[in-house]
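Notes follow once the structure below has been shown.
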2 protein chains.
Amino acid sequence: MAKAPTVYDVAQRAGVSIATVSRVLRRPDDVRERTRTVVHEAIRELGYVPSGAARGLAARSTGVLGLCFPDVDGIDEAADLPDPVRVGESVEVVRDVGGPVTARWSNLYLGEVMRGAELEAWRTGHAVMIGVARGLRRAQAVNELAGRVDGLAVLSKSVPDDLLAHIARRVPVVVMAGPPQDDAYDHISVDNRAGTRALVDHLIADHGLRDLAFVGGPFDSPDAHERFLGFRDALGAAGLEVPDEPAARSDFTRAGARDLARRMLEDHVTGRGTGATGHALPRGLVCSNDQTALGFLDVLTEAGVDVPGDVVLTGFDGIDATQASIPRLTTVCQPMVELGRAAVELLRSRLADPSAPAATVNLPVRVLLRESCGCS
Amino acid sequence: MAKAPTVYDVAQRAGVSIATVSRVLRRPDDVRERTRTVVHEAIRELGYVPSGAARGLAARSTGVLGLCFPDVDGIDEAADLPDPVRVGESVEVVRDVGGPVTARWSNLYLGEVMRGAELEAWRTGHAVMIGVARGLRRAQAVNELAGRVDGLAVLSKSVPDDLLAHIARRVPVVVMAGPPQDDAYDHISVDNRAGTRALVDHLIADHGLRDLAFVGGPFDSPDAHERFLGFRDALGAAGLEVPDEPAARSDFTRAGARDLARRMLEDHVTGRGTGATGHALPRGLVCSNDQTALGFLDVLTEAGVDVPGDVVLTGFDGIDATQASIPRLTTVCQPMVELGRAAVELLRSRLADPSAPAATVNLPVRVLLRESCGCS
DNA sequence: CTCCGAAATGTATGCGCATACACTCGCCGG
DNA sequence: CCGGCGAGTGTATGCGCATACATTTCGGAG
């Protein structure tokens with residue numbers, strides 16, 4: 001790596017001009033076979049790898065698409081990051097006594113979104129660059145990402161509006177998984193509302209449930225809100241009383257949901273009825289995400305409440321853990337891979353036709369009926 | 001996006017030269033505050049985002065680090081990819097009758113490696129670009145990735161040797177999770193051997209097991225081989241008979257392991273003893289990865305064999321599912337996040353000092369003792 | 001053998017930025 | 001009053017490549 005060879009080096013070695021070298025790489029059919037061979041030889045001998053930067057500059061297109069995620073780790077630049085542990089011993093033996101399952105990216109399915117995006121990008125020879133909008137330098141980081149790509153897919157809420165607007169003047173932007181919204185961007189959305197509606201329809205129609213409560217999410221989660229609307233839709237359609245607010249609100253974490261469940265259970269047992277649930281546990285609990293449902297399941301099971309016998313429980317998202325719980329959790333599965341794929345697809349068509357009107361792609365959702373709702 | 005503004009546009013608007021604009025962005029302290037303000041104003045008004053390509057070209061460094069993964073999806077370019085499903089209905093309701101848990105990237109922990117890499121890169125203002133060495137265009141894709149980055153971390157076996165050598169002439173290369181090897185590259189390795197050794201030591205010393213068998217992996221997996229060596233180390237140290245070969249070989253998938261387990265179980269029951277295990281199930285089965293152990297657990301449980309009562313079972317990797325199985329699986333946890341982090345760290349130090357001798361960082365591993373080995 | 005058009009190759013330029021170097025200007029000490 | 005100095009800014013150049021356009025070569029047809 002004394003100095004990476006350039007087209008000039010290759011051209012000289014092969015005894016041709018740099019244009020020919022470039023052509024051998026980009027439009028091989030325009031070059032005589034013999035010449036091509038010679039050039040390839042030189043490339044191999046020199047270990048030539050074209051500079052992406054120079055290519056991008058000259059071609060006015062980098063061939064890279066960006067994917068911007070929110071900071072799910074909650075890492076703040078102000079907090080000092082622990083320095084990597086580097087123990088001398090290469091093995092540590094510990095007794096794992098259980099406790100909360102460590103949070104992973106995979107819990108939030110960002111990996112799946114990435115995979116979908118990467119797959120779709122690969123099909124058309126694009127590369128994918130990911131960025132996490134995190135820390136104080138967030139704006140700078142996102143800006144730099146935007147400067148390096150031909151198009152940017154952004155997970156909703158990961159980038160402040162003004163910054164997004166700034167960036168959108170340079171590259172096409174696709175917003176993923178945001179609430180239905182009428183801005184200038186292309187959107188990929190998941191049908192939270194219809195998914196919940198279908199799930200609750202099932203509970204009412206097939207299991208005859210009428211006493212249902214909705215466990216909401218954080219106030220600032222549009223997803224949770226959408227799902228609540230779907231819940232209301234179903235209740236309304238069935239002629240049941242439609243609540244104005246969720247019966248309770250979880251923070252979307254399993255641990256938080258456990259606390260919430262314990263409080264609700266206590267209210268229930270002591271008959272204080274201070275909880276929004278009133279004096280008795282409802283027959284069915286529709287949770288706004290899987291983590292919440294799993295937290296409830298933990299507590300209910302521990303308290304000897306039978307699921308689905310005493311209480312029917314459902315989630316939303318379709319995370320892995322819902323397949324491993326006992327009983328397995330009925331949920332609505334989000335098409336995460338598809339989300340990434342669709343985002344890239346939309347970016348591509350946007351690049352192909354910059355003047356087309358902003359589009360919104362609504363991804364279908366799958367309701368997975370399992371044991372926690374009473375299905376065999 | 002009629003035409004993205006450039007430094008020239010900003011300079012003109014702000015009434016300064018392009019050099020000043022560049023300085024405002026790169027070395028703000030060299031510019032008078034008043035000028036800075038004016039330039040920032042112009043940037044905001046125009047929606048200017050610096051071109052990464054031009055920056056990279058001029059600065060001779062892109063600020064991007066690459067991460068190259070093998071094609072875990074096994075997608076072959078020859079096979080036609082199914083076109084994305086786009087059903088009209090936005091909801092589909094299906095009864096999930098169980099069946100194999102869908103394979104996900106997360107199973108292979110690539111997401112975790114990525115996260116570690118991204119985190120570490122972020123700390124120093126680098127971006128991360130991921131690439132999957134997949135399909136027939138693999139060489140081209142890897143080459144392009146290499147052309148776009150300042151350094152490349154490659155998961156072992158994801159890139160053919162000659163291609164890697166070619167690339168390494170342009171950018172520093174770090175090989176992740178490969179077998180200890182003495183090539184010119186920097187290496188990050190996980191101590192498979194010592195990890196297995198420690199685990200098996202535990203089985204022998206603390207649980208008094210003497211009849212142990214090793215379920216290996218694919219022939220071409222250096223990891224599986226390393227782990228087998230660790231197994232042998234432990235047996236040898238305990239004065240037990242040391243096998244030359246694993247008792248059986250799994251293909252590292254849960255489904256494959258189930259088939260293997262069924263065959264072994266059948267051999268055992270019918271007394272045919274054609275399996276390498278002989279006429280009886282061993283008292284302890286040390287599996288070369290978690291998927292394999294879980295597959296065995298599925299079959300053993302179904303057959304009424306008690307784990308750990310009748311057979312002790314252990315895995316390797318530390319995937320999520322090992323925390324959810326019943327009993328929970330004793331395993332060796334790989335430091336995947338750390339792997340990514342260390343790779344980036346090593347790349348950085350390599351970039352800082354290109355002439356330093358090739359280094360190998362050995363990452364510590366954690367043996368997690370849970371119920372499947374007989375620990376409470 | 002000549003001439004013409006197409007194929008093959010070479011020449012020249014610009015992509016957008018960082019930066020070395022030149023330059024201006026205000027200020028200080030002499 | 002002059003020379004010098006440093007902060008602040010402008011000018012000019014090159015990074016490595018793609019590509020428009022100019023030029024050469026080649027393969028026939030005449």
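Following the order of the structure tokens, chains are lettered A, B, ..., residues in each are numbered from 1, and ligands are numbered from 1.
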Taking only C-alpha atoms (C1' of nucleotides) into account and nothing else, which residues of chain B lie no more than 10 Å away from chain C? Please answer as JSON, numbers by chain. {"B": [5, 6, 7, 8, 18, 19, 22, 23, 26, 50, 51, 52, 53, 54, 55, 56, 57, 58, 59, 60]}
Within 6 Å of chain A: residues of chain B, using only C-alpha atoms, as a ChimeraX atom specification: /B:1,4,47,49-54,56-57,90-96,111,129,147-148,166,169-170,195,364-370
Could the residues in this selection be written to a file with C-alpha atoms, as a PDB file, in the first residue's frame?
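Saved file again.pdb follows:
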```pdb
ATOM      1  CA  MET B   1     -32.858  18.498  -6.519  1.00  0.00           C
ATOM      2  CA  ALA B   4     -27.223  20.039  -5.949  1.00  0.00           C
ATOM      3  CA  GLY B  47     -29.437  23.373   1.162  1.00  0.00           C
ATOM      4  CA  VAL B  49     -24.486  19.188   1.423  1.00  0.00           C
ATOM      5  CA  PRO B  50     -20.834  18.539   0.610  1.00  0.00           C
ATOM      6  CA  SER B  51     -20.163  15.808  -1.892  1.00  0.00           C
ATOM      7  CA  GLY B  52     -18.548  12.856  -0.221  1.00  0.00           C
ATOM      8  CA  ALA B  53     -16.993  11.783  -3.466  1.00  0.00           C
ATOM      9  CA  ALA B  54     -15.247  15.076  -4.050  1.00  0.00           C
ATOM     10  CA  GLY B  56     -12.791  11.764  -0.589  1.00  0.00           C
ATOM     11  CA  LEU B  57     -10.950  12.438  -3.786  1.00  0.00           C
ATOM     12  CA  SER B  90     -52.887  -4.962   3.421  1.00  0.00           C
ATOM     13  CA  VAL B  91     -53.571  -7.661   5.955  1.00  0.00           C
ATOM     14  CA  GLU B  92     -53.289 -11.385   5.874  1.00  0.00           C
ATOM     15  CA  VAL B  93     -54.491 -13.555   8.714  1.00  0.00           C
ATOM     16  CA  VAL B  94     -52.833 -16.919   9.089  1.00  0.00           C
ATOM     17  CA  ARG B  95     -52.860 -19.649  11.632  1.00  0.00           C
ATOM     18  CA  ASP B  96     -49.295 -20.257  12.689  1.00  0.00           C
ATOM     19  CA  GLY B 111     -26.140  -7.862  13.088  1.00  0.00           C
ATOM     20  CA  MET B 129     -20.269   0.403   4.716  1.00  0.00           C
ATOM     21  CA  GLY B 147     -12.483   1.098  -3.700  1.00  0.00           C
ATOM     22  CA  ARG B 148     -14.809   3.069  -1.526  1.00  0.00           C
ATOM     23  CA  HIS B 166      -5.548  -8.043  -4.564  1.00  0.00           C
ATOM     24  CA  ARG B 169      -2.783  -3.822  -1.909  1.00  0.00           C
ATOM     25  CA  ARG B 170      -5.129  -0.894  -1.839  1.00  0.00           C
ATOM     26  CA  GLY B 195     -13.622 -21.785  25.194  1.00  0.00           C
ATOM     27  CA  PRO B 364     -12.099 -13.522  25.221  1.00  0.00           C
ATOM     28  CA  VAL B 365     -15.045 -15.828  25.288  1.00  0.00           C
ATOM     29  CA  ARG B 366     -17.553 -16.501  28.045  1.00  0.00           C
ATOM     30  CA  VAL B 367     -18.728 -19.906  29.129  1.00  0.00           C
ATOM     31  CA  LEU B 368     -22.339 -19.615  30.242  1.00  0.00           C
ATOM     32  CA  LEU B 369     -23.337 -22.359  32.643  1.00  0.00           C
ATOM     33  CA  ARG B 370     -27.039 -23.050  32.565  1.00  0.00           C
TER      34      ARG B 370
END
```
Do a neighbour search on Val344 in chain B at 8 Å with only C-alpha atoms (C1' of nucleotides), toss out local chain neighbours closer than 6 positions, and write the hits as a count of residues only. 5
Provide as a PDB file with N, CA and C atoms (P, O5', C5', C4', C3', O3' and C1' of nucleotides), in the first residue's frame the residues of chain D at most 9 Å from chain B, counting only C-alpha atoms (C1' of nucleotides).
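Listing of out-v8.pdb after writing:
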```
ATOM      1  P    DA D   7      -1.909  34.344  14.258  1.00  0.00           P
ATOM      2  O5'  DA D   7      -3.399  34.833  14.023  1.00  0.00           O
ATOM      3  C5'  DA D   7      -3.788  36.130  14.470  1.00  0.00           C
ATOM      4  C4'  DA D   7      -4.765  36.713  13.481  1.00  0.00           C
ATOM      5  C3'  DA D   7      -5.809  35.708  12.979  1.00  0.00           C
ATOM      6  O3'  DA D   7      -7.078  36.319  13.001  1.00  0.00           O
ATOM      7  C1'  DA D   7      -4.684  36.676  11.141  1.00  0.00           C
ATOM      8  P    DG D   8      -8.414  35.460  12.687  1.00  0.00           P
ATOM      9  O5'  DG D   8      -8.611  35.775  11.150  1.00  0.00           O
ATOM     10  C5'  DG D   8      -8.912  37.108  10.764  1.00  0.00           C
ATOM     11  C4'  DG D   8      -8.999  37.175   9.255  1.00  0.00           C
ATOM     12  C3'  DG D   8      -9.923  36.136   8.619  1.00  0.00           C
ATOM     13  O3'  DG D   8     -10.853  36.841   7.825  1.00  0.00           O
ATOM     14  C1'  DG D   8      -7.847  36.196   7.507  1.00  0.00           C
ATOM     15  P    DT D   9     -12.095  36.110   7.124  1.00  0.00           P
ATOM     16  O5'  DT D   9     -11.559  35.910   5.649  1.00  0.00           O
ATOM     17  C5'  DT D   9     -11.285  37.066   4.861  1.00  0.00           C
ATOM     18  C4'  DT D   9     -10.494  36.675   3.641  1.00  0.00           C
ATOM     19  C3'  DT D   9     -11.169  35.684   2.695  1.00  0.00           C
ATOM     20  O3'  DT D   9     -11.686  36.421   1.603  1.00  0.00           O
ATOM     21  C1'  DT D   9      -8.808  35.363   2.879  1.00  0.00           C
ATOM     22  P    DG D  10     -12.380  35.653   0.364  1.00  0.00           P
ATOM     23  O5'  DG D  10     -11.149  35.532  -0.653  1.00  0.00           O
ATOM     24  C5'  DG D  10     -10.472  36.712  -1.060  1.00  0.00           C
ATOM     25  C4'  DG D  10      -9.423  36.378  -2.105  1.00  0.00           C
ATOM     26  C3'  DG D  10      -9.928  35.553  -3.285  1.00  0.00           C
ATOM     27  O3'  DG D  10      -9.319  36.046  -4.475  1.00  0.00           O
ATOM     28  C1'  DG D  10      -8.171  34.389  -2.211  1.00  0.00           C
ATOM     29  P    DG D  14      -1.038  20.707 -10.861  1.00  0.00           P
ATOM     30  O5'  DG D  14      -1.484  19.390 -10.071  1.00  0.00           O
ATOM     31  C5'  DG D  14      -1.208  19.272  -8.681  1.00  0.00           C
ATOM     32  C4'  DG D  14      -2.228  18.338  -8.071  1.00  0.00           C
ATOM     33  C3'  DG D  14      -2.596  17.138  -8.953  1.00  0.00           C
ATOM     34  O3'  DG D  14      -2.625  15.980  -8.153  1.00  0.00           O
ATOM     35  C1'  DG D  14      -4.543  18.286  -8.316  1.00  0.00           C
ATOM     36  P    DC D  15      -2.400  14.550  -8.777  1.00  0.00           P
ATOM     37  O5'  DC D  15      -3.387  13.647  -7.923  1.00  0.00           O
ATOM     38  C5'  DC D  15      -3.466  13.763  -6.507  1.00  0.00           C
ATOM     39  C4'  DC D  15      -4.877  13.473  -6.076  1.00  0.00           C
ATOM     40  C3'  DC D  15      -5.536  12.370  -6.891  1.00  0.00           C
ATOM     41  O3'  DC D  15      -5.364  11.133  -6.214  1.00  0.00           O
ATOM     42  C1'  DC D  15      -7.020  14.248  -6.480  1.00  0.00           C
ATOM     43  P    DG D  16      -4.578   9.933  -6.978  1.00  0.00           P
ATOM     44  O5'  DG D  16      -5.747   9.323  -7.857  1.00  0.00           O
ATOM     45  C5'  DG D  16      -6.856   8.759  -7.219  1.00  0.00           C
ATOM     46  C4'  DG D  16      -7.953   8.539  -8.226  1.00  0.00           C
ATOM     47  C3'  DG D  16      -7.553   7.695  -9.436  1.00  0.00           C
ATOM     48  O3'  DG D  16      -8.524   6.704  -9.584  1.00  0.00           O
ATOM     49  C1'  DG D  16      -8.592   9.683 -10.135  1.00  0.00           C
TER      50       DG D  16
END
```
I'd like the neighbourhood of range 174-176 of chain B as JSON, numbers by chain, where a residue qualifies if any of its atoms comes within 10 Å (using only C-alpha atoms (C1' of nucleotides)), though same-chain residues fewer than 3 positions away should be ignored. {"B": [67, 68, 69, 113, 151, 152, 153, 154, 155, 156, 157, 158, 159, 164, 168, 171, 179, 184, 185, 186, 187, 188, 189, 190, 339, 340, 342, 343, 344, 346, 347, 350, 358, 359, 360, 361]}
Filtering to N, CA and C atoms, could you give me those residues as a tab-separated table (two decimals), in the first residue's frame?
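As a result, result00.tsv now contains:
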```tsv
chain	number	residue	atom	x	y	z
B	67	LEU	N	-17.13	-3.40	5.83
B	67	LEU	CA	-17.37	-4.61	6.58
B	67	LEU	C	-17.90	-5.62	5.57
B	68	CYS	N	-17.17	-6.71	5.41
B	68	CYS	CA	-17.58	-7.65	4.38
B	68	CYS	C	-18.03	-8.97	4.97
B	69	PHE	N	-19.27	-9.34	4.70
B	69	PHE	CA	-19.85	-10.57	5.24
B	69	PHE	C	-19.96	-11.64	4.16
B	113	VAL	N	-22.26	-8.05	15.06
B	113	VAL	CA	-20.93	-7.64	14.61
B	113	VAL	C	-21.00	-6.24	14.00
B	151	GLY	N	-10.47	1.24	4.80
B	151	GLY	CA	-10.02	-0.01	5.38
B	151	GLY	C	-11.14	-1.01	5.36
B	152	LEU	N	-10.80	-2.28	5.34
B	152	LEU	CA	-11.83	-3.29	5.16
B	152	LEU	C	-11.69	-4.41	6.18
B	153	ALA	N	-12.79	-4.67	6.89
B	153	ALA	CA	-12.82	-5.81	7.79
B	153	ALA	C	-13.61	-6.92	7.12
B	154	VAL	N	-13.01	-8.07	7.05
B	154	VAL	CA	-13.60	-9.16	6.28
B	154	VAL	C	-13.86	-10.36	7.18
B	155	LEU	N	-15.06	-10.86	7.14
B	155	LEU	CA	-15.33	-12.06	7.90
B	155	LEU	C	-14.65	-13.23	7.19
B	156	SER	N	-13.98	-14.01	7.97
B	156	SER	CA	-13.20	-15.11	7.40
B	156	SER	C	-14.02	-15.91	6.40
B	157	LYS	N	-13.38	-16.26	5.31
B	157	LYS	CA	-13.99	-17.12	4.29
B	157	LYS	C	-15.01	-16.42	3.42
B	158	SER	N	-15.20	-15.13	3.64
B	158	SER	CA	-16.20	-14.47	2.81
B	158	SER	C	-15.61	-14.02	1.49
B	159	VAL	N	-14.30	-13.93	1.47
B	159	VAL	CA	-13.63	-13.49	0.25
B	159	VAL	C	-12.50	-14.46	-0.11
B	164	LEU	N	-8.69	-11.31	-1.96
B	164	LEU	CA	-8.30	-10.60	-0.75
B	164	LEU	C	-6.90	-10.00	-0.89
B	168	ALA	N	-5.98	-6.12	-0.71
B	168	ALA	CA	-5.12	-5.69	0.39
B	168	ALA	C	-4.00	-4.77	-0.10
B	171	VAL	N	-6.16	-1.25	0.32
B	171	VAL	CA	-6.57	-0.83	1.66
B	171	VAL	C	-6.15	-1.87	2.70
B	179	PRO	N	-9.36	-18.76	11.54
B	179	PRO	CA	-8.48	-19.59	12.35
B	179	PRO	C	-7.17	-18.84	12.55
B	184	ALA	N	-0.38	-12.08	6.01
B	184	ALA	CA	0.07	-10.70	6.16
B	184	ALA	C	-0.99	-9.80	6.77
B	185	TYR	N	-2.16	-10.34	7.04
B	185	TYR	CA	-3.25	-9.48	7.50
B	185	TYR	C	-3.30	-9.38	9.02
B	186	ASP	N	-4.00	-8.36	9.45
B	186	ASP	CA	-4.34	-8.27	10.86
B	186	ASP	C	-5.52	-9.21	11.11
B	187	HIS	N	-5.54	-9.77	12.29
B	187	HIS	CA	-6.61	-10.72	12.60
B	187	HIS	C	-7.31	-10.40	13.91
B	188	ILE	N	-8.61	-10.67	13.92
B	188	ILE	CA	-9.35	-10.66	15.16
B	188	ILE	C	-9.89	-12.06	15.31
B	189	SER	N	-9.52	-12.74	16.35
B	189	SER	CA	-10.03	-14.09	16.45
B	189	SER	C	-10.69	-14.33	17.79
B	190	VAL	N	-11.54	-15.31	17.80
B	190	VAL	CA	-12.26	-15.69	19.00
B	190	VAL	C	-11.67	-17.01	19.46
B	339	LEU	N	-16.34	-8.22	18.52
B	339	LEU	CA	-15.65	-8.59	17.30
B	339	LEU	C	-15.66	-7.43	16.31
B	340	GLY	N	-16.83	-6.89	16.11
B	340	GLY	CA	-16.94	-5.76	15.19
B	340	GLY	C	-16.16	-4.56	15.70
B	342	ALA	N	-13.62	-4.49	17.75
B	342	ALA	CA	-12.18	-4.72	17.69
B	342	ALA	C	-11.66	-4.61	16.26
B	343	ALA	N	-12.47	-5.05	15.33
B	343	ALA	CA	-12.03	-4.98	13.93
B	343	ALA	C	-11.82	-3.54	13.52
B	344	VAL	N	-12.77	-2.72	13.88
B	344	VAL	CA	-12.66	-1.30	13.52
B	344	VAL	C	-11.48	-0.66	14.25
B	346	LEU	N	-8.80	-2.09	15.23
B	346	LEU	CA	-7.57	-2.56	14.61
B	346	LEU	C	-7.33	-1.86	13.27
B	347	LEU	N	-8.38	-1.67	12.54
B	347	LEU	CA	-8.26	-0.97	11.26
B	347	LEU	C	-7.72	0.44	11.49
B	350	ARG	N	-4.16	0.44	12.29
B	350	ARG	CA	-3.41	0.11	11.08
B	350	ARG	C	-3.29	1.31	10.17
B	358	ALA	N	1.89	-7.12	11.28
B	358	ALA	CA	0.53	-7.64	11.37
B	358	ALA	C	0.23	-8.10	12.79
B	359	ALA	N	-0.92	-7.73	13.28
B	359	ALA	CA	-1.28	-8.07	14.65
B	359	ALA	C	-2.45	-9.05	14.69
B	360	THR	N	-2.53	-9.78	15.77
B	360	THR	CA	-3.68	-10.65	15.97
B	360	THR	C	-4.26	-10.38	17.35
B	361	VAL	N	-5.52	-10.05	17.38
B	361	VAL	CA	-6.19	-9.79	18.64
B	361	VAL	C	-7.08	-10.99	18.96
```
Going by DSSP on the backbone, which bits of range 150-328 of chain B are helix (DSSP H, G or I)? Write them as number ranges by chain, please. B: 161-168, 192-207, 222-237, 254-270, 290-302, 321-324
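Going from CA of Arg254 in chain A to CA of Asn289 in chain A covers 9.6 Å.
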Per residue of range 287-340 of chain A within 10 Å of range 257-268 of chain A, note the shortest atom pair and the distance in Å to one decimal, counting only C-alpha atoms, and order the rows by chain and increasing residue number, as JSON lines.
```
{"residue": "A:Cys287", "atom": "CA", "partner": "A:Ala257", "partner_atom": "CA", "distance": 9.8}
{"residue": "A:Gln291", "atom": "CA", "partner": "A:Ala257", "partner_atom": "CA", "distance": 7.4}
{"residue": "A:Thr292", "atom": "CA", "partner": "A:Ala257", "partner_atom": "CA", "distance": 5.0}
{"residue": "A:Ala293", "atom": "CA", "partner": "A:Ala257", "partner_atom": "CA", "distance": 7.5}
{"residue": "A:Leu294", "atom": "CA", "partner": "A:Ala257", "partner_atom": "CA", "distance": 7.9}
{"residue": "A:Gly295", "atom": "CA", "partner": "A:Arg258", "partner_atom": "CA", "distance": 4.6}
{"residue": "A:Phe296", "atom": "CA", "partner": "A:Ala261", "partner_atom": "CA", "distance": 5.4}
{"residue": "A:Leu297", "atom": "CA", "partner": "A:Arg258", "partner_atom": "CA", "distance": 8.3}
{"residue": "A:Asp298", "atom": "CA", "partner": "A:Arg258", "partner_atom": "CA", "distance": 7.0}
{"residue": "A:Val299", "atom": "CA", "partner": "A:Arg258", "partner_atom": "CA", "distance": 6.0}
{"residue": "A:Leu300", "atom": "CA", "partner": "A:Ala261", "partner_atom": "CA", "distance": 7.7}
{"residue": "A:Ala303", "atom": "CA", "partner": "A:Leu265", "partner_atom": "CA", "distance": 8.6}
{"residue": "A:Val305", "atom": "CA", "partner": "A:Leu265", "partner_atom": "CA", "distance": 9.9}
```
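The neighbours of Val311 in chain B here are the residues that come within 9 Å of it, using only C-alpha atoms (C1' of nucleotides) and leaving out any residue fewer than 6 positions away in the same chain; they are Leu281, Pro282, Arg283, Gly284, Leu285, Leu300, Val305, Ser372 and Cys373 of chain B.
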Using the selection just defined, write its residues with N, CA and C atoms as a PDB file, in the first residue's frame.
```pdb
ATOM      1  N   LEU B 281     -26.187 -43.914  23.918  1.00  0.00           N
ATOM      2  CA  LEU B 281     -25.998 -42.475  23.894  1.00  0.00           C
ATOM      3  C   LEU B 281     -24.927 -42.135  24.917  1.00  0.00           C
ATOM      4  N   PRO B 282     -24.081 -41.219  24.570  1.00  0.00           N
ATOM      5  CA  PRO B 282     -23.078 -40.809  25.558  1.00  0.00           C
ATOM      6  C   PRO B 282     -23.764 -40.034  26.685  1.00  0.00           C
ATOM      7  N   ARG B 283     -23.077 -39.915  27.774  1.00  0.00           N
ATOM      8  CA  ARG B 283     -23.633 -39.195  28.913  1.00  0.00           C
ATOM      9  C   ARG B 283     -23.651 -37.690  28.646  1.00  0.00           C
ATOM     10  N   GLY B 284     -22.723 -37.242  27.844  1.00  0.00           N
ATOM     11  CA  GLY B 284     -22.671 -35.823  27.531  1.00  0.00           C
ATOM     12  C   GLY B 284     -22.412 -35.594  26.048  1.00  0.00           C
ATOM     13  N   LEU B 285     -23.154 -34.639  25.474  1.00  0.00           N
ATOM     14  CA  LEU B 285     -22.967 -34.305  24.069  1.00  0.00           C
ATOM     15  C   LEU B 285     -22.490 -32.856  23.972  1.00  0.00           C
ATOM     16  N   LEU B 300     -34.281 -35.069  21.466  1.00  0.00           N
ATOM     17  CA  LEU B 300     -34.150 -35.802  22.730  1.00  0.00           C
ATOM     18  C   LEU B 300     -35.393 -35.599  23.594  1.00  0.00           C
ATOM     19  N   VAL B 305     -36.031 -38.373  26.367  1.00  0.00           N
ATOM     20  CA  VAL B 305     -34.723 -38.414  27.018  1.00  0.00           C
ATOM     21  C   VAL B 305     -34.557 -37.142  27.844  1.00  0.00           C
ATOM     22  N   SER B 372     -28.755 -26.993  31.036  1.00  0.00           N
ATOM     23  CA  SER B 372     -28.595 -28.171  30.187  1.00  0.00           C
ATOM     24  C   SER B 372     -27.350 -28.987  30.504  1.00  0.00           C
ATOM     25  N   CYS B 373     -26.462 -28.429  31.336  1.00  0.00           N
ATOM     26  CA  CYS B 373     -25.283 -29.221  31.675  1.00  0.00           C
ATOM     27  C   CYS B 373     -25.407 -29.759  33.100  1.00  0.00           C
TER      28      CYS B 373
END
```
Looking only at strand (DSSP E or B) from DSSP on the backbone, list the matching residues of range 190-241 of chain A as a list in words. Val190, Leu212, Ala213, Phe214, Val215 and Gly216 of chain A
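CA of Ala213 in chain B lies 13.4 Å from CA of Gly236 in chain B.
Atom pair CA of Pro70 in chain A / CA of Pro28 in chain B has a distance of 28.0 Å (rounded to one decimal).
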